[in-house]
There are 2 protein chains.
Amino acid sequence: MDAEKTRAEVNPDLMGERLKCNFNIEEVTYIIDGGRDKTLQRKQDSGASEDSVPEECLNLKERYENAVRKSCVYANIVKNELLEITGLEALGTPVLRRTADAFFKEVSPFMLHLGMFVPTIIGQCTPEQQAKWLPRALEMQIIGAYAQTELGHGTFIRGLETTAIYDADTEEFVLHSPTLTSSKWWAGGLGNTANHCIVVAQLYTKGQCQGTHPFIVPIRDLDTHEPFPGVKVGDVGLRMGFNTADNGFLRFDNYRIPRENLMMKNAKVLKDGTYVKVARHGKLTYGTMVFVRVTLVREAAFNLAKAVTIAVRYSAVRRQSQPKPDEPEPQIIDYPTQQHKLFICIATAHALELTGAWLWRTFEAVLADMRGGNTDSLPELHALSSCLKAISTSDSAAYIEQCRFACGGHGYMLSSNLPLLYSFVTATRTYEGDYTVLLLQTARFLVKAWEQMESGNPLTPTLAYLALGGAKQKVPWSATAEGIIRSLQAVAAGKISSCSDNIKHLMKTGMCFEDAWQRTTVRLVRAAECHCRAVICHTYWSEVKLLTASCSENVRIVMEQLVHLYLVFWALEMTGDPLEVYHMGLVDAFDLRDEILQSTLGAYDGRVYERLMAEALKSPLNDAPVQASFHKYIKPLAKAKL
Amino acid sequence: MDAEKTRAEVNPDLMGERLKCNFNIEEVTYIIDGGRDKTLQRKQDSGASEDSVPEECLNLKERYENAVRKSCVYANIVKNELLEITGLEALGTPVLRRTADAFFKEVSPFMLHLGMFVPTIIGQCTPEQQAKWLPRALEMQIIGAYAQTELGHGTFIRGLETTAIYDADTEEFVLHSPTLTSSKWWAGGLGNTANHCIVVAQLYTKGQCQGTHPFIVPIRDLDTHEPFPGVKVGDVGLRMGFNTADNGFLRFDNYRIPRENLMMKNAKVLKDGTYVKVARHGKLTYGTMVFVRVTLVREAAFNLAKAVTIAVRYSAVRRQSQPKPDEPEPQIIDYPTQQHKLFICIATAHALELTGAWLWRTFEAVLADMRGGNTDSLPELHALSSCLKAISTSDSAAYIEQCRFACGGHGYMLSSNLPLLYSFVTATRTYEGDYTVLLLQTARFLVKAWEQMESGNPLTPTLAYLALGGAKQKVPWSATAEGIIRSLQAVAAGKISSCSDNIKHLMKTGMCFEDAWQRTTVRLVRAAECHCRAVICHTYWSEVKLLTASCSENVRIVMEQLVHLYLVFWALEMTGDPLEVYHMGLVDAFDLRDEILQSTLGAYDGRVYERLMAEALKSPLNDAPVQASFHKYIKPLAKAKL
């Protein structure tokens, strides 16, 4: 472990904090990873990035080229894992998920090849189609992107404008982009990298629109990489982050693909153009979407863990002010205002990681059900993954910023890695279902469930608590974990009930359902948020009880205190006092290698100032004492005497 | 006006929204600018940036060079305004403040030459010293930076480590950086641009430390631009934003400067080394600091106005979903959740702009007092500017992000300009006094005032309301503006009172004041925040009443509704319904040229999708259909068959 190598040179303040830790850090690491096996598996890989100049100093083309180079190196490293993939479950392994972060400070242009192209092949292809496409994709013979969003259309998939018109004479689909706003936009890896793309388009057969369907579309020549005639593809321009992700646009001019390239698991077009829909279609297309949302919950937790590791370590090294004359400047971690900022971030990282792991297991169970033909649990998983994706990405982004604020000016240096972590996670709040839109999807499920309950129908497991609100009984306040969770559930149930009442009330005044729903949306978003917080609190608490059952006493105590802090935080404003001495062990337990943190402020050794200066000296602006622009511009200006 | 030129091509949805506006937009613009004269003055300038490739696509050196080039062009444009500057008041003119934003997408390396170097010369030099330095600085014969913060020391100025030891033999100061952490760090314009720097260092005369003092230090040869022997200067590396601001580090190795380079307005060192302190010293050094904070309040308002102009215009153009079958997709501005996000942003931009203008006038009055030798009102101004700087920058950054979220995925495009606006404003939350630190400074003033009131001493104007809390009487709720303001004031007074009680209580248990204060800091921060919100609400309301006294009826109504929305928002959660029809006129009234918005999403014409595509096509990654990295990396990977 790199940490051990450098232990001798560790900043003494940081060392002092670590000595205060009274529990076994590795035990906590196992809890977060989901067991000792998984921790060992995760630590097998020790790859690392190797940029001599920070990649953000390069120009856009150089950054892209560097990202492609690293992606190819990385693809070779993980090739064994790749070739074993047969189902979505395999994409949840820590090795694939977590070691990439040591390679890419931003994002690989191949990310969505594995993150969306491969999962969609698994989810939407017939077995014959899978046999054709999956091995080639896993062997990286073809590289794919996933293009659904258009320049003028995101959330509302039915509004997509790209058309795929079946031509029975040639047994081909004709792809076309009829308007500027129908241009595909945003797809990662699409701009310059991918040679194939899954394209979601409006399918027309025999003159009739059958709605949106996914197609596998070859877009570039495998040998020359030139786009095919009829395909216009390019880079969408710079983003707030993801600037090495190669997000692209794509337009078709009556571009033809074979009939077999419709992904036919859920709907087929026969040679003569007859459209055949598989009955389960509606629900099954949720599959990939739910997979991505579940994955994003864990990504949110993981990135928040990085940020708070950086911020807590730096807070032990940084000293500031002199509250008492003649005493040395305290470490900033000793200020209550700093603890107030950081402890909730540690607790949230734990809460989201454990909730994410639980959600992943739920997802695996639902996948197993679906293979047996049972899709009953899919709507609940969909509602759950929607709100958890929204809240986890939003909370994680907000707390990463809080970590950055807690690091003062130096948190603003890119070399702290906090700005990049924020720009990465704040994107996940929007893509794959915007925050507000997803909460409204969950709200729709909640209001429906509420009304079913009122009609005497049974509730699904995560909604069982609604009966609390249904009984309209006051829940007495209790400061125990169970008591707080019950209160949060009662609040959520009350809000769902009140939204349902409001909609009914408006409809009684003659308003149609759609307008009544719209008028209630601000409150519905809040109701879904409360529901989601109740779910997280409940899950976090249950998981900790489960996972610490066989732990050593001190680990159990600190895990329970952390859960308590989280519960009390969401019940009322609090100061974070109870955990004062444990913070360093808690962030070390995230067990994040320096190569993954990529931060001057948060490295294991706490040599903050040495690293900041060393990183500064790598700037191309330090390669000569006088930059050319002085002679070109500044000197003439001074001579001119304005 | 550019807007008029392109009016013929304006997006029809945006045009439709504008037609709904029932008030005179120019009247509102005059209110925001502080009068018709100021609006006309602001509009005199029509300069603009002229990058053919987005500057973020360039590498760091090219970006810096481009910024220097533009700075020199800009310096020539504003030379007349520059040469007229004799006092800090002149630096508040809209021309200097606002037209620079059309030139620089990020920040000019000259920004702190005008923003800190010149103001400090005005504030800290004797008349003789001013006569020597000010004309040269204003004519751009010398370019200066301001270096106070060190790698290991920010907030706590007494902790600075750089030393300036007087050598009476040569009548020189010897500047030295004894440690790594004493390296000056962060100073804008210092890395490669400035040839002079104001350096804050610990002054030693006759073996005794006299505390920190500012020195004017020549650091580079005016002709060759080479750093002088004994000076090590460079770039600090990349930041989250400000990447063209040339933030630098600076180290001295026993570097000598003449005795006259101590800025001697407040303290002198005589030839023999005798230290002479001017009595008013302590309070007067606040001057520049307060100036910068006052300026930042208006910057926060201005940048939020840009963000909300972009977001509201885009929300009129963007259409999404289909709540009712057979009806077209609504403009997203029609969704209550979107209004809920955006209307408070409009109101906040107004509140901060008017509060900032009021604060600037207060600042001018205090400056006038000080010229007459009266510094009594400085502590109140200091406390006021501290909390207003903290809250305005923090609120503005948060609402800029909210505007970005409201623009969905496209808000994440750099070409929307929302990410850059956020990275710029979020920095202002930290620099020149961190959020938490500044609120604690205000809290110290508040608790002191509270205790003085309890001892029967009179309260200063902005604190007169504390008497409400002192009387411990319940303030009855009233939904009028005055009623809401009174309630907010009562809440603030209650929190200040409770902090004061808590500190006294802890001290009675034997705790020293410093520890009792620390233990109360989380609550003190909240108390100062509440005080500040009460001040903003009160000021916003009073200013609107004053400024709309002679307005047309419809303008007065909409301004009062906006103030009401702001007041009610801070009193309780609300939906924003009352203002539904006015939003477009309100953002057009900010009267921000497209060159200042620099946004594909927010231009006057609303041609969002055309601009996004045009901007994308400027990306260097679109200059050839196949990038070199394909042949170098991807093709060999595919051929290798993993």
# chains A, B, ... in the order shown; residues from 1 in each chain; ligands from 1

call {"tool": "residues_around", "arguments": {"residues": "Glu89 of chain A", "least_positions_apart": "6", "cutoff": "9 Å", "atoms": "only C-alpha atoms", "output": "MDAnalysis selection string"}}
result
chainID A and resid 360 363:364 367

call {"tool": "interface_residues", "arguments": {"of": "chain A", "to": "chain B", "cutoff": "6 Å", "atoms": "only C-alpha atoms", "output": "PyMOL selection string"}}
result
chain A and resi 57-60+65+69+139-141+156+234+236-240+321+337+412-414+419+522+616+619+622+629+633+638+641-642

call {"tool": "closest_residue", "arguments": {"among": "A:Val563, A:Val276, A:Ile216, A:Leu359", "to": "Pro258 of chain A", "atoms": "only C-alpha atoms"}}
result
A:Ile216

call {"tool": "atom_distance", "arguments": {"atom1": "atom CA of Ala390 of chain B", "atom2": "atom CA of Leu296 of chain B"}}
result
9.4 Å

call {"tool": "select_by_dssp", "arguments": {"residues": "segment 126-194 of chain A", "states": "strand (DSSP E or B)", "output": "number ranges by chain"}}
result
A: 144-147, 150, 153, 163-167, 172-176, 184-187

call {"tool": "closest_residue", "arguments": {"among": "A:Ile503, A:Ala147, A:Ile484, A:Ala534", "to": "Lys448 of chain A", "atoms": "only C-alpha atoms"}}
result
A:Ile503
